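A short write-up of the structure that comes next.
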Amino acid sequence: MVDDDREKSPEEMLRVIEEQSTATVRLLRGDPLLLYVPWGVAWLLGFTALFLHYGLDGRPYAPISQMQGVAVLMAAQVVAGSVAAYGVVRMVRLSRGDSSARGLMYGLAWFAGMGLMIMIASRMTLQLPPYESGLLWAGFSLTVVAVLYMTGGAIWLQWPMFFIGAWVAAVNGLGVLLGAGWHALLTAVLLGAGFILVGGWLRLRW
Amino acid sequence: MSTEQPLPELDPVIHAQARLRVVAALNVLPEGDEMAFNSMKELLGMTAGNLSVHLTKLEDAGYVRITKTHRGRTPVTYAALTKRGRLAFEDYTKAIRALLDNAGGV
């Protein structure tokens with residue numbers, strides 16, 4: 001592009017400013033398809049498998065063992081985490097300074113939260129029957145997710161992110177109260193499919 | 001209504017489309033942040049040479065601060081708006097809006 005010295009009208013210059021500002025905000029905020037949709041897909045697949053194992057009345061709807069359900073969930077979450085991490089790294093490399101430091105600390109908080117959750121749940125799981133143990137893992141991990149989304153909303157002053165966290169907390173809380181089967185069903189539908197829809201909707205507004 | 005009142009002057013450093021886009025992009029960054037040269041190049045769709053020329057002009061005017069450093073062994077350049085640059089962009093935007101208001105009032 002050359003230095004365009006041709007005289008532009010004020011309207012044109014204002015439009016240049018607005019378009020450039022919007023494009024920059026979009027770039028710095030990251031692609032919502034990478035940040036939300038992979039988690040939605042992972043939860044939809046994983047918790048549907050677990051729901052089919054638990055059923056709503058204690059009888060499985062499909063011959064899927066708990067370990068197979070957990071394996072589907074974990075594998076899908078690893079893929080989702082990798083895609084989301086790719087999106088975050090791409091965002092972080094764009095700039096440096098206070099925002100990058102904030103992003104790094106936030107990323108480390110995710111590792112700390114999830115790491116601690118795994119340590120505590122691993123110890124507690126041995127004391128519980130399989131049904132309650134599955135609920136402990138699912139409920140605990142979604143608690144970390146909910147709190148960190150809400151915190152993210154507070155850090156970057158993004159109400160949608162905060163409300164998404166609150167929504168995860170509400171669905172998770174209700175599911176834990178109702179039991180493992182309901183928890184899996186509600187998570188698959190309201191959080192799995194929900195995150196896919198939210199990601200798509202945010203992308204349309206992007 | 002007549003347009004006899006004096007029209008605001010537009011800062012010639014910013015009043016070139018390419019540099020205006022550079023400044024508008026950098027103005028989005030919060031204070032304390034800098035944007036990588038390569039990211040700017042992609043965002044603005046400019047060649048490295050072209051972007052360098054514009055950044056140098058903006059740096060000479062005191063509107064942009066350039067930092068050259070290394071990420072590992074790779075040299076990386078970062079750019080950020082100075083306080084003066086932010087103020088100049090704010091004044092420019094106000095002036096453009098005033099011109100538009102004037103034109104709208106005719």
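Chain labels follow the order of the structure tokens: the first chain is A, the next B, and so on; residue numbering restarts at 1 in every chain, and ligands are counted from 1 in their shown order.
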Next on the checklist: Set the cut-off to 12 Å and count only C-alpha atoms: what are the residues of chain A that reach chain B? Output as a VMD selection string.
Outcome noted: chain A and resid 1 to 29 90 to 102 156
Checklist entry - What is the distance, in Å and to one decimal place, between atom CA of Leu204 of chain A and atom CA of Asp31 of chain A? => result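 For atom CA of Leu204 of chain A relative to atom CA of Asp31 of chain A, the distance reads 10.6 Å.
Taking atom CA of Ala169 of chain A and atom CA of Gly55 of chain A as endpoints, the distance between them is 22.3 Å.
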Next on the checklist: To test your reading of the structure, identify every residue in chain B that backbone DSSP assigns to strand (DSSP E or B), and report it as a PyMOL selection string.
Outcome noted: chain B and resi 33-36+64-71+74-81
Next on the checklist: Counting only C-alpha atoms, which residue out of A:Val145, A:Gly152, A:Ile64, A:Gly139 sits closest to Trp182 of chain A?
Outcome noted: A:Gly139
Item to check | Neighbour list for Ala170 of chain A as a PyMOL selection string, cut-off 12 Å, only C-alpha atoms, skip fewer than 4 positions in-chain | outcome: chain A and resi 139+142-143+145-147+163-166+174-177+183+186-187+190-191
Checklist entry - Just asking: which residues within chain B are alpha helix (DSSP H) according to DSSP, as a ChimeraX atom specification? => result /B:17-28,37-44,48-60,83-104
Please save C-alpha atoms of the selected residues as an mmCIF file, in the first residue's frame.
data_model
loop_
_atom_site.group_PDB
_atom_site.id
_atom_site.type_symbol
_atom_site.label_atom_id
_atom_site.label_comp_id
_atom_site.auth_asym_id
_atom_site.auth_seq_id
_atom_site.Cartn_x
_atom_site.Cartn_y
_atom_site.Cartn_z
ATOM 1 C CA GLN B 17 -4.674 7.281 5.169
ATOM 2 C CA ALA B 18 -1.903 4.765 5.813
ATOM 3 C CA ARG B 19 -0.582 6.575 8.892
ATOM 4 C CA LEU B 20 -4.097 7.203 10.158
ATOM 5 C CA ARG B 21 -4.705 3.446 10.043
ATOM 6 C CA VAL B 22 -1.451 2.789 11.927
ATOM 7 C CA VAL B 23 -2.395 5.283 14.631
ATOM 8 C CA ALA B 24 -6.014 4.072 14.837
ATOM 9 C CA ALA B 25 -4.778 0.491 15.289
ATOM 10 C CA LEU B 26 -2.239 1.404 17.977
ATOM 11 C CA ASN B 27 -4.785 3.560 19.785
ATOM 12 C CA VAL B 28 -6.849 0.417 20.478
ATOM 13 C CA PHE B 37 5.656 -5.246 13.916
ATOM 14 C CA ASN B 38 4.658 -8.462 12.106
ATOM 15 C CA SER B 39 1.167 -8.398 13.612
ATOM 16 C CA MET B 40 0.756 -4.791 12.457
ATOM 17 C CA LYS B 41 1.961 -5.692 8.981
ATOM 18 C CA GLU B 42 -0.711 -8.408 8.699
ATOM 19 C CA LEU B 43 -3.421 -6.355 10.330
ATOM 20 C CA LEU B 44 -2.835 -3.348 8.096
ATOM 21 C CA ALA B 48 7.395 -4.291 5.807
ATOM 22 C CA GLY B 49 9.094 -1.443 3.959
ATOM 23 C CA ASN B 50 5.959 0.648 3.779
ATOM 24 C CA LEU B 51 5.055 0.132 7.405
ATOM 25 C CA SER B 52 8.619 0.983 8.430
ATOM 26 C CA VAL B 53 8.470 4.274 6.555
ATOM 27 C CA HIS B 54 5.187 5.258 8.206
ATOM 28 C CA LEU B 55 6.327 4.207 11.668
ATOM 29 C CA THR B 56 9.515 6.235 11.252
ATOM 30 C CA LYS B 57 7.515 9.324 10.293
ATOM 31 C CA LEU B 58 5.283 8.827 13.306
ATOM 32 C CA GLU B 59 8.284 8.231 15.544
ATOM 33 C CA ASP B 60 9.955 11.407 14.262
ATOM 34 C CA LYS B 83 0.982 10.054 25.194
ATOM 35 C CA ARG B 84 1.550 12.726 22.587
ATOM 36 C CA GLY B 85 0.438 10.333 19.859
ATOM 37 C CA ARG B 86 -2.775 9.465 21.694
ATOM 38 C CA LEU B 87 -3.497 13.144 22.218
ATOM 39 C CA ALA B 88 -2.807 13.916 18.551
ATOM 40 C CA PHE B 89 -5.146 11.127 17.454
ATOM 41 C CA GLU B 90 -7.828 12.371 19.833
ATOM 42 C CA ASP B 91 -7.474 15.918 18.486
ATOM 43 C CA TYR B 92 -7.542 14.650 14.903
ATOM 44 C CA THR B 93 -10.735 12.660 15.524
ATOM 45 C CA LYS B 94 -12.344 15.705 17.161
ATOM 46 C CA ALA B 95 -11.331 17.887 14.219
ATOM 47 C CA ILE B 96 -12.758 15.408 11.693
ATOM 48 C CA ARG B 97 -16.025 15.277 13.628
ATOM 49 C CA ALA B 98 -16.140 19.068 13.786
ATOM 50 C CA LEU B 99 -15.664 19.233 10.005
ATOM 51 C CA LEU B 100 -18.467 16.722 9.563
ATOM 52 C CA ASP B 101 -20.740 18.680 11.909
ATOM 53 C CA ASN B 102 -19.970 21.807 9.918
ATOM 54 C CA ALA B 103 -20.771 20.088 6.644
ATOM 55 C CA GLY B 104 -23.949 18.637 8.134
#
Checklist entry - Got a sec: who's within 10 Å of Gln77 of chain A, counting only C-alpha atoms, leaving out chain neighbours fewer than 6 positions off, as a list in words? => result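 The filter keeps Pro38, Trp39, Gly40, Val41, Ala42, Trp43, Leu45, Gly46, Ala71 and Val83 of chain A.
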